[in-house]
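Participant: So here's protein29.cif (mmCIF, C-alpha atoms).
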data_coords
loop_
_atom_site.group_PDB
_atom_site.id
_atom_site.type_symbol
_atom_site.label_atom_id
_atom_site.label_comp_id
_atom_site.auth_asym_id
_atom_site.auth_seq_id
_atom_site.Cartn_x
_atom_site.Cartn_y
_atom_site.Cartn_z
ATOM 1 C CA MET A 11 6.527 -81.875 19.478
ATOM 2 C CA THR A 12 5.009 -80.354 16.317
ATOM 3 C CA PHE A 13 4.771 -76.587 16.041
ATOM 4 C CA ALA A 14 2.109 -74.785 14.022
ATOM 5 C CA PRO A 15 3.399 -72.939 10.952
ATOM 6 C CA ASP A 16 4.118 -69.248 11.437
ATOM 7 C CA ILE A 17 2.142 -68.091 8.376
ATOM 8 C CA LEU A 18 -1.589 -67.432 8.831
ATOM 9 C CA VAL A 19 -4.081 -67.294 5.958
ATOM 10 C CA THR A 20 -7.399 -65.702 6.929
ATOM 11 C CA GLY A 21 -10.512 -66.476 4.942
ATOM 12 C CA ALA A 22 -8.932 -69.777 3.919
ATOM 13 C CA THR A 23 -12.275 -71.166 2.760
ATOM 14 C CA GLY A 24 -13.200 -68.108 0.677
ATOM 15 C CA SER A 25 -12.212 -67.242 -2.893
ATOM 16 C CA THR A 26 -8.921 -65.382 -2.470
ATOM 17 C CA GLY A 27 -7.943 -67.059 0.790
ATOM 18 C CA HIS A 28 -8.449 -70.480 -0.790
ATOM 19 C CA ALA A 29 -6.387 -69.460 -3.827
ATOM 20 C CA THR A 30 -3.603 -68.260 -1.521
ATOM 21 C CA ALA A 31 -3.772 -71.489 0.488
ATOM 22 C CA SER A 32 -3.591 -73.542 -2.720
ATOM 23 C CA ALA A 33 -0.556 -71.567 -3.931
ATOM 24 C CA LEU A 34 1.253 -72.073 -0.613
ATOM 25 C CA THR A 35 0.420 -75.789 -0.671
ATOM 26 C CA ALA A 36 1.703 -76.105 -4.246
ATOM 27 C CA GLN A 37 4.999 -74.535 -3.117
ATOM 28 C CA GLY A 38 5.212 -76.860 -0.108
ATOM 29 C CA ILE A 39 4.954 -73.935 2.315
ATOM 30 C CA PRO A 40 3.147 -74.825 5.547
ATOM 31 C CA PHE A 41 0.573 -72.356 6.882
ATOM 32 C CA ARG A 42 -2.321 -72.043 9.329
ATOM 33 C CA PRO A 43 -5.687 -71.738 7.603
ATOM 34 C CA MET A 44 -8.092 -69.538 9.555
ATOM 35 C CA SER A 45 -11.834 -69.368 9.038
ATOM 36 C CA ARG A 46 -15.020 -68.761 10.985
ATOM 37 C CA LYS A 47 -16.162 -72.326 10.374
ATOM 38 C CA PRO A 48 -14.542 -75.352 11.993
ATOM 39 C CA SER A 49 -12.103 -77.154 9.714
ATOM 40 C CA SER A 50 -10.322 -80.484 9.779
ATOM 41 C CA ALA A 51 -7.371 -79.072 7.812
ATOM 42 C CA GLU A 52 -4.010 -79.547 9.471
ATOM 43 C CA PHE A 53 -3.145 -76.608 11.774
ATOM 44 C CA ALA A 54 -6.546 -74.988 11.072
ATOM 45 C CA VAL A 55 -7.685 -72.332 13.507
ATOM 46 C CA ARG A 56 -11.216 -71.093 14.027
ATOM 47 C CA ALA A 57 -11.466 -67.347 14.511
ATOM 48 C CA ASP A 58 -13.714 -64.454 13.580
ATOM 49 C CA LEU A 59 -12.386 -60.985 12.760
ATOM 50 C CA ASP A 60 -15.224 -59.572 14.899
ATOM 51 C CA ASP A 61 -13.859 -61.464 17.926
ATOM 52 C CA ALA A 62 -10.566 -59.900 19.020
ATOM 53 C CA ASN A 63 -9.725 -62.727 21.421
ATOM 54 C CA SER A 64 -10.080 -65.411 18.746
ATOM 55 C CA VAL A 65 -7.910 -63.388 16.329
ATOM 56 C CA ARG A 66 -5.313 -62.814 19.040
ATOM 57 C CA ALA A 67 -5.147 -66.576 19.654
ATOM 58 C CA ALA A 68 -4.913 -67.329 15.915
ATOM 59 C CA LEU A 69 -2.024 -64.852 15.552
ATOM 60 C CA SER A 70 -0.004 -66.361 18.400
ATOM 61 C CA GLY A 71 3.434 -67.225 17.011
ATOM 62 C CA VAL A 72 2.667 -65.828 13.549
ATOM 63 C CA ARG A 73 5.343 -63.885 11.648
ATOM 64 C CA ALA A 74 3.336 -63.325 8.429
ATOM 65 C CA ALA A 75 -0.356 -63.199 7.616
ATOM 66 C CA TYR A 76 -2.554 -62.961 4.536
ATOM 67 C CA LEU A 77 -5.521 -60.911 5.713
ATOM 68 C CA VAL A 78 -8.881 -60.915 3.965
ATOM 69 C CA THR A 79 -11.533 -58.563 5.305
ATOM 70 C CA PRO A 80 -15.060 -57.878 4.093
#
Any chance you could put this one into structure tokens?
Facilitator:
Amino acid sequence: MTFAPDILVTGATGSTGHATASALTAQGIPFRPMSRKPSSAEFAVRADLDDANSVRAALSGVRAAYLVTP
């Protein structure tokens, strides 16, 4: 059984979220990329900060998060 990483990066397709995701990848640190748009990235989660239920689901099992808000 494979478990999702316990680090969440919101806005993973945006400017700072993408830079954070790239830095984690370069360090070999697994993470969950979160964005409003569907993604084929490994462990990707689709969620919208305006939808509490989707954010709650994305945060399940997370111990650290990089949060990007408008």
Participant: Suppose you want the space between atom CA of Asp61 of chain A and atom CA of Ala31 of chain A; what is it in Å?
Facilitator: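 The value is 22.5 Å.
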Participant: Ranking A:Pro40, A:Ser49, A:Thr35, A:Asn63 by minimum distance to Gly21 of chain A and counting only C-alpha atoms, which one comes first?
Facilitator: A:Ser49
Participant: On this file, the PyMOL selection byres ((chain A and resi 68) around 9) gives some set of residues; write that set as a ChimeraX atom specification.
Facilitator: /A:18,42,44,55-57,63-67,69-72
Participant: Hey, which of A:Ala22, A:Leu59, A:Ala54, A:Ile17 ends up closest to Ile39 of chain A? Count all atoms listed in the file.
Facilitator: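 Checking each candidate against Ile39 of chain A, we get A:Ile17 as the closest.
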Participant: What is the distance between atom CA of Val78 of chain A and atom CA of Phe13 of chain A, in Å to one decimal?
Facilitator: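 Here the two named atoms are 24.0 Å from each other.
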Participant: Using all atoms listed in the file, which of A:Leu77, A:Ala36, A:Ala14, A:Ala29 sits nearest Asp58 of chain A?
Facilitator: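 Among the listed residues, the smallest separation from Asp58 of chain A belongs to A:Leu77.
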